[in-house]
>>> print(open('final-v6.pdb').read())   # PDB, C-alpha atoms, pLDDT in the B column
ATOM      1  CA  VAL B   1     -40.792 153.280  97.299  1.00 90.00           C
ATOM      2  CA  GLN B   2     -41.625 151.415  94.107  1.00 93.00           C
ATOM      3  CA  LEU B   3     -39.358 148.723  92.699  1.00 96.00           C
ATOM      4  CA  VAL B   4     -39.538 147.501  89.101  1.00 96.00           C
ATOM      5  CA  GLU B   5     -37.490 144.536  87.894  1.00 96.00           C
ATOM      6  CA  SER B   6     -36.517 143.871  84.296  1.00 97.00           C
ATOM      7  CA  GLY B   7     -34.151 141.686  82.321  1.00 97.00           C
ATOM      8  CA  GLY B   8     -35.600 138.251  82.915  1.00 97.00           C
ATOM      9  CA  GLY B   9     -36.177 135.773  80.122  1.00 97.00           C
ATOM     10  CA  LEU B  10     -35.377 132.395  78.669  1.00 98.00           C
ATOM     11  CA  VAL B  11     -31.745 131.364  78.307  1.00 98.00           C
ATOM     12  CA  GLN B  12     -29.881 128.133  77.692  1.00 98.00           C
ATOM     13  CA  ALA B  13     -27.755 126.552  80.392  1.00 98.00           C
ATOM     14  CA  GLY B  14     -24.358 128.213  80.507  1.00 98.00           C
ATOM     15  CA  GLY B  15     -25.755 131.503  79.299  1.00 98.00           C
ATOM     16  CA  SER B  16     -26.009 134.892  81.005  1.00 98.00           C
ATOM     17  CA  LEU B  17     -28.661 137.394  81.967  1.00 98.00           C
ATOM     18  CA  ARG B  18     -28.550 140.768  83.672  1.00 98.00           C
ATOM     19  CA  LEU B  19     -31.432 141.759  85.900  1.00 98.00           C
ATOM     20  CA  SER B  20     -32.151 145.358  86.812  1.00 98.00           C
ATOM     21  CA  CYS B  21     -34.225 146.825  89.637  1.00 97.00           C
ATOM     22  CA  ALA B  22     -35.210 150.463  89.315  1.00 95.00           C
ATOM     23  CA  ALA B  23     -36.342 152.265  92.452  1.00 93.00           C
ATOM     24  CA  SER B  24     -38.607 155.287  92.443  1.00 89.00           C
ATOM     25  CA  GLY B  25     -40.494 157.307  95.009  1.00 83.00           C
ATOM     26  CA  SER B  26     -38.688 157.911  98.283  1.00 72.00           C
ATOM     27  CA  SER B  27     -35.628 156.039  97.069  1.00 63.00           C
ATOM     28  CA  PHE B  28     -33.402 158.048  99.369  1.00 66.00           C
ATOM     29  CA  SER B  29     -34.942 156.021 102.186  1.00 76.00           C
ATOM     30  CA  ILE B  30     -33.448 152.788 100.874  1.00 85.00           C
ATOM     31  CA  ASN B  31     -30.662 151.110 102.764  1.00 90.00           C
ATOM     32  CA  THR B  32     -29.775 147.499 101.970  1.00 94.00           C
ATOM     33  CA  MET B  33     -31.027 146.001  98.712  1.00 96.00           C
ATOM     34  CA  ALA B  34     -31.210 142.379  97.722  1.00 98.00           C
ATOM     35  CA  TRP B  35     -32.338 139.847  95.145  1.00 98.00           C
ATOM     36  CA  TYR B  36     -34.523 136.928  96.177  1.00 98.00           C
ATOM     37  CA  ARG B  37     -35.893 134.110  94.054  1.00 98.00           C
ATOM     38  CA  GLN B  38     -38.720 131.651  94.307  1.00 98.00           C
ATOM     39  CA  ALA B  39     -38.943 128.473  92.294  1.00 97.00           C
ATOM     40  CA  PRO B  40     -42.238 126.577  91.882  1.00 93.00           C
ATOM     41  CA  GLY B  41     -43.096 124.684  95.040  1.00 95.00           C
ATOM     42  CA  LYS B  42     -40.207 126.193  96.988  1.00 96.00           C
ATOM     43  CA  GLN B  43     -39.802 128.962  99.520  1.00 97.00           C
ATOM     44  CA  ARG B  44     -38.448 132.332  98.546  1.00 97.00           C
ATOM     45  CA  GLU B  45     -34.698 132.429  99.141  1.00 98.00           C
ATOM     46  CA  LEU B  46     -32.064 135.121  99.345  1.00 98.00           C
ATOM     47  CA  VAL B  47     -29.780 135.185  96.312  1.00 98.00           C
ATOM     48  CA  ALA B  48     -27.580 138.216  97.002  1.00 98.00           C
ATOM     49  CA  ALA B  49     -27.571 141.412  99.036  1.00 98.00           C
ATOM     50  CA  ILE B  50     -25.686 144.701  98.929  1.00 97.00           C
ATOM     51  CA  THR B  51     -25.329 147.519 101.434  1.00 94.00           C
ATOM     52  CA  SER B  52     -26.312 151.101 100.735  1.00 89.00           C
ATOM     53  CA  GLY B  53     -22.867 152.199  99.602  1.00 85.00           C
ATOM     54  CA  GLY B  54     -22.162 148.978  97.775  1.00 81.00           C
ATOM     55  CA  GLY B  55     -19.184 148.267  99.954  1.00 85.00           C
ATOM     56  CA  SER B  56     -20.432 144.952 101.259  1.00 95.00           C
ATOM     57  CA  THR B  57     -22.117 142.094  99.472  1.00 97.00           C
ATOM     58  CA  ASN B  58     -23.127 138.558 100.302  1.00 97.00           C
ATOM     59  CA  TYR B  59     -24.319 135.647  98.201  1.00 98.00           C
ATOM     60  CA  ALA B  60     -26.087 132.358  98.572  1.00 98.00           C
ATOM     61  CA  ASP B  61     -23.609 129.501  98.310  1.00 98.00           C
ATOM     62  CA  SER B  62     -25.427 128.212  95.234  1.00 98.00           C
ATOM     63  CA  VAL B  63     -24.603 131.346  93.212  1.00 98.00           C
ATOM     64  CA  LYS B  64     -21.172 132.332  94.526  1.00 98.00           C
ATOM     65  CA  GLY B  65     -18.698 132.811  91.714  1.00 98.00           C
ATOM     66  CA  ARG B  66     -21.457 132.983  89.091  1.00 98.00           C
ATOM     67  CA  PHE B  67     -23.640 135.946  90.109  1.00 98.00           C
ATOM     68  CA  THR B  68     -22.582 139.516  90.856  1.00 98.00           C
ATOM     69  CA  ILE B  69     -24.765 142.083  92.604  1.00 98.00           C
ATOM     70  CA  SER B  70     -24.146 145.799  92.174  1.00 97.00           C
ATOM     71  CA  ARG B  71     -25.962 149.105  92.494  1.00 94.00           C
ATOM     72  CA  ASP B  72     -25.767 152.572  90.993  1.00 93.00           C
ATOM     73  CA  ASN B  73     -27.188 154.969  93.574  1.00 91.00           C
ATOM     74  CA  ALA B  74     -27.072 157.877  91.130  1.00 91.00           C
ATOM     75  CA  LYS B  75     -29.531 155.945  88.956  1.00 92.00           C
ATOM     76  CA  ASN B  76     -31.420 154.371  91.872  1.00 92.00           C
ATOM     77  CA  THR B  77     -30.848 151.016  90.221  1.00 94.00           C
ATOM     78  CA  MET B  78     -29.583 147.649  91.389  1.00 96.00           C
ATOM     79  CA  TYR B  79     -28.288 144.898  89.112  1.00 98.00           C
ATOM     80  CA  LEU B  80     -27.718 141.177  89.176  1.00 98.00           C
ATOM     81  CA  GLN B  81     -25.307 139.827  86.599  1.00 98.00           C
ATOM     82  CA  MET B  82     -25.936 136.101  86.260  1.00 98.00           C
ATOM     83  CA  ASN B  83     -23.369 133.982  84.421  1.00 98.00           C
ATOM     84  CA  SER B  84     -23.029 130.241  83.881  1.00 98.00           C
ATOM     85  CA  LEU B  85     -26.727 129.820  84.463  1.00 98.00           C
ATOM     86  CA  LYS B  86     -28.061 126.412  85.410  1.00 98.00           C
ATOM     87  CA  PRO B  87     -31.558 124.934  85.099  1.00 97.00           C
ATOM     88  CA  GLU B  88     -31.833 125.072  88.895  1.00 97.00           C
ATOM     89  CA  ASP B  89     -31.573 128.861  88.691  1.00 98.00           C
ATOM     90  CA  THR B  90     -35.023 128.899  87.113  1.00 98.00           C
ATOM     91  CA  ALA B  91     -37.300 130.997  89.322  1.00 98.00           C
ATOM     92  CA  VAL B  92     -39.093 134.280  89.691  1.00 98.00           C
ATOM     93  CA  TYR B  93     -36.530 136.822  90.842  1.00 98.00           C
ATOM     94  CA  TYR B  94     -37.641 139.589  93.193  1.00 98.00           C
ATOM     95  CA  CYS B  95     -36.011 142.871  94.071  1.00 97.00           C
ATOM     96  CA  ASN B  96     -36.080 143.808  97.739  1.00 97.00           C
ATOM     97  CA  ALA B  97     -35.185 147.027  99.512  1.00 96.00           C
ATOM     98  CA  VAL B  98     -35.043 147.824 103.211  1.00 94.00           C
ATOM     99  CA  SER B  99     -35.376 151.293 104.691  1.00 90.00           C
ATOM    100  CA  PRO B 100     -33.311 152.503 107.651  1.00 88.00           C
ATOM    101  CA  LYS B 101     -36.446 151.890 109.761  1.00 89.00           C
ATOM    102  CA  LEU B 102     -36.516 148.283 108.493  1.00 91.00           C
ATOM    103  CA  VAL B 103     -39.562 148.712 106.243  1.00 91.00           C
ATOM    104  CA  ARG B 104     -39.351 146.163 103.396  1.00 94.00           C
ATOM    105  CA  TYR B 105     -40.336 146.840  99.815  1.00 95.00           C
ATOM    106  CA  TRP B 106     -40.763 144.279  97.025  1.00 97.00           C
ATOM    107  CA  GLY B 107     -40.887 144.390  93.263  1.00 97.00           C
ATOM    108  CA  GLN B 108     -43.379 142.407  91.215  1.00 97.00           C
ATOM    109  CA  GLY B 109     -40.801 139.854  90.115  1.00 97.00           C
ATOM    110  CA  THR B 110     -39.267 138.829  86.815  1.00 98.00           C
ATOM    111  CA  GLN B 111     -39.200 135.283  85.450  1.00 98.00           C
ATOM    112  CA  VAL B 112     -35.880 133.631  84.688  1.00 98.00           C
ATOM    113  CA  THR B 113     -36.021 130.306  82.871  1.00 98.00           C
ATOM    114  CA  VAL B 114     -32.889 128.293  82.125  1.00 98.00           C
ATOM    115  CA  SER B 115     -33.276 125.442  79.677  1.00 97.00           C
ATOM    116  CA  SER B 116     -31.017 122.392  79.721  1.00 94.00           C
TER     117      SER B 116
END
>>> encode(input="final-v6.pdb", output="structure tokens")
Amino acid sequence: VQLVESGGGLVQAGGSLRLSCAASGSSFSINTMAWYRQAPGKQRELVAAITSGGGSTNYADSVKGRFTISRDNAKNTMYLQMNSLKPEDTAVYYCNAVSPKLVRYWGQGTQVTVSS
């Protein structure tokens, strides 16, 4: 499974961005998908996760009410709509996928920078 993120960039505080994660290869073997982020000098943290059918999602407290995770299985793509962005959202955002046998896959990351 290969994961490719896109949609990162520079945005002012209060603005919005939409990240995409396209899966290829044995994408039928993907179960749960998630977005993680890592800011400079900090550990990688879970931002949001979504189950295979999209019926269940969960979010970090810091992004609840501002970010929305979704997926389109027909397109093998996951999204993260980020609204009301804050400078503390600045990080490299990574796409993650887990197979039914609990094998983890990672994308290369996309930079999100929020200016104050």
>>> resolve_selection(input="final-v6.pdb", expression="the PyMOL selection byres ((chain B and resi 110) around 10)", output="MDAnalysis selection string")
chainID B and resid 4:9 19:21 37 91:95 107:109 111:113
>>> resolve_selection(input="final-v6.pdb", expression="the PyMOL selection byres ((chain B and resi 74) around 12)", output="ChimeraX atom specification")
/B:22-24,27-28,52-53,71-73,75-78
>>> closest_residue(input="final-v6.pdb", among="B:Ser62, B:Val11, B:Ser84, B:Tyr79", to="Asn96 of chain B", atoms="all atoms listed in the file")
B:Tyr79
>>> atom_distance(input="final-v6.pdb", atom1="atom CA of Ser16 of chain B", atom2="atom CA of Met82 of chain B")
5.4 Å
>>> closest_residue(input="final-v6.pdb", among="B:Met33, B:Gln38, B:Thr51, B:Gln12", to="Arg104 of chain B", atoms="only C-alpha atoms")
B:Met33
>>> residues_around(input="final-v6.pdb", residues="Val47 of chain B", least_positions_apart="3", cutoff="9 Å", atoms="all atoms listed in the file", output="PyMOL selection string")
chain B and resi 34-37+58-63+67+93
>>> closest_residue(input="final-v6.pdb", among="B:Ser70, B:Ser56, B:Ser115, B:Ser29", to="Thr90 of chain B", atoms="all atoms listed in the file")
B:Ser115
>>> atom_distance(input="final-v6.pdb", atom1="atom CA of Gly55 of chain B", atom2="atom CA of Gly15 of chain B")
27.4 Å
>>> closest_residue(input="final-v6.pdb", among="B:Ile69, B:Leu102, B:Val114, B:Val1", to="Ala48 of chain B", atoms="all atoms listed in the file")
B:Ile69
>>> atom_distance(input="final-v6.pdb", atom1="atom CA of Glu88 of chain B", atom2="atom CA of Gly65 of chain B")
15.5 Å
>>> build_atoms(input="final-v6.pdb", residues="segment 89-100 of chain B", atoms="all heavy atoms", output="mmCIF file, in the frame of the given file")
data_model
loop_
_atom_site.group_PDB
_atom_site.id
_atom_site.type_symbol
_atom_site.label_atom_id
_atom_site.label_comp_id
_atom_site.auth_asym_id
_atom_site.auth_seq_id
_atom_site.Cartn_x
_atom_site.Cartn_y
_atom_site.Cartn_z
ATOM 1 N N ASP B 89 -31.419 127.428 88.447
ATOM 2 C CA ASP B 89 -31.573 128.861 88.691
ATOM 3 C C ASP B 89 -32.943 129.368 88.232
ATOM 4 O O ASP B 89 -33.281 130.535 88.463
ATOM 5 C CB ASP B 89 -30.484 129.657 87.959
ATOM 6 C CG ASP B 89 -29.092 129.381 88.503
ATOM 7 O OD1 ASP B 89 -28.938 129.309 89.735
ATOM 8 O OD2 ASP B 89 -28.164 129.261 87.681
ATOM 9 N N THR B 90 -33.699 128.511 87.575
ATOM 10 C CA THR B 90 -35.023 128.899 87.113
ATOM 11 C C THR B 90 -35.916 129.282 88.289
ATOM 12 O O THR B 90 -36.069 128.507 89.232
ATOM 13 C CB THR B 90 -35.674 127.749 86.321
ATOM 14 O OG1 THR B 90 -34.914 127.518 85.130
ATOM 15 C CG2 THR B 90 -37.117 128.082 85.954
ATOM 16 N N ALA B 91 -36.479 130.483 88.223
ATOM 17 C CA ALA B 91 -37.300 130.997 89.322
ATOM 18 C C ALA B 91 -37.835 132.374 88.942
ATOM 19 O O ALA B 91 -37.397 132.961 87.938
ATOM 20 C CB ALA B 91 -36.484 131.103 90.605
ATOM 21 N N VAL B 92 -38.731 132.872 89.767
ATOM 22 C CA VAL B 92 -39.093 134.280 89.691
ATOM 23 C C VAL B 92 -38.143 135.036 90.618
ATOM 24 O O VAL B 92 -37.993 134.670 91.788
ATOM 25 C CB VAL B 92 -40.553 134.519 90.120
ATOM 26 C CG1 VAL B 92 -40.862 136.021 90.078
ATOM 27 C CG2 VAL B 92 -41.511 133.749 89.209
ATOM 28 N N TYR B 93 -37.503 136.041 90.082
ATOM 29 C CA TYR B 93 -36.530 136.822 90.842
ATOM 30 C C TYR B 93 -37.175 138.130 91.298
ATOM 31 O O TYR B 93 -37.770 138.853 90.481
ATOM 32 C CB TYR B 93 -35.289 137.092 89.994
ATOM 33 C CG TYR B 93 -34.406 135.879 89.885
ATOM 34 C CD1 TYR B 93 -34.797 134.765 89.136
ATOM 35 C CD2 TYR B 93 -33.169 135.828 90.525
ATOM 36 C CE1 TYR B 93 -33.992 133.637 89.054
ATOM 37 C CE2 TYR B 93 -32.353 134.710 90.449
ATOM 38 C CZ TYR B 93 -32.777 133.613 89.708
ATOM 39 O OH TYR B 93 -31.977 132.498 89.628
ATOM 40 N N TYR B 94 -37.027 138.414 92.586
ATOM 41 C CA TYR B 94 -37.641 139.589 93.193
ATOM 42 C C TYR B 94 -36.582 140.548 93.715
ATOM 43 O O TYR B 94 -35.608 140.138 94.351
ATOM 44 C CB TYR B 94 -38.536 139.181 94.351
ATOM 45 C CG TYR B 94 -39.730 138.352 93.965
ATOM 46 C CD1 TYR B 94 -39.664 136.962 93.966
ATOM 47 C CD2 TYR B 94 -40.931 138.952 93.606
ATOM 48 C CE1 TYR B 94 -40.753 136.192 93.626
ATOM 49 C CE2 TYR B 94 -42.033 138.190 93.262
ATOM 50 C CZ TYR B 94 -41.940 136.811 93.273
ATOM 51 O OH TYR B 94 -43.028 136.056 92.930
ATOM 52 N N CYS B 95 -36.828 141.805 93.503
ATOM 53 C CA CYS B 95 -36.011 142.871 94.071
ATOM 54 C C CYS B 95 -36.568 143.235 95.445
ATOM 55 O O CYS B 95 -37.787 143.309 95.623
ATOM 56 C CB CYS B 95 -36.058 144.076 93.131
ATOM 57 S SG CYS B 95 -35.248 145.552 93.739
ATOM 58 N N ASN B 96 -35.681 143.461 96.377
ATOM 59 C CA ASN B 96 -36.080 143.808 97.739
ATOM 60 C C ASN B 96 -35.258 144.990 98.222
ATOM 61 O O ASN B 96 -34.058 145.075 97.935
ATOM 62 C CB ASN B 96 -35.856 142.603 98.656
ATOM 63 C CG ASN B 96 -36.022 142.937 100.123
ATOM 64 O OD1 ASN B 96 -35.051 143.203 100.828
ATOM 65 N ND2 ASN B 96 -37.252 142.925 100.586
ATOM 66 N N ALA B 97 -35.897 145.884 98.934
ATOM 67 C CA ALA B 97 -35.185 147.027 99.512
ATOM 68 C C ALA B 97 -35.647 147.211 100.952
ATOM 69 O O ALA B 97 -36.818 146.983 101.272
ATOM 70 C CB ALA B 97 -35.452 148.285 98.704
ATOM 71 N N VAL B 98 -34.736 147.619 101.801
ATOM 72 C CA VAL B 98 -35.043 147.824 103.211
ATOM 73 C C VAL B 98 -34.686 149.253 103.593
ATOM 74 O O VAL B 98 -33.587 149.726 103.277
ATOM 75 C CB VAL B 98 -34.250 146.838 104.090
ATOM 76 C CG1 VAL B 98 -34.627 147.027 105.567
ATOM 77 C CG2 VAL B 98 -34.515 145.409 103.666
ATOM 78 N N SER B 99 -35.622 149.916 104.262
ATOM 79 C CA SER B 99 -35.376 151.293 104.691
ATOM 80 C C SER B 99 -34.580 151.291 105.996
ATOM 81 O O SER B 99 -34.486 150.269 106.681
ATOM 82 C CB SER B 99 -36.701 152.024 104.896
ATOM 83 O OG SER B 99 -37.306 151.597 106.104
ATOM 84 N N PRO B 100 -34.023 152.434 106.371
ATOM 85 C CA PRO B 100 -33.311 152.503 107.651
ATOM 86 C C PRO B 100 -34.187 152.138 108.848
ATOM 87 O O PRO B 100 -33.673 151.724 109.890
ATOM 88 C CB PRO B 100 -32.874 153.975 107.708
ATOM 89 C CG PRO B 100 -32.747 154.369 106.278
ATOM 90 C CD PRO B 100 -33.869 153.653 105.578
#
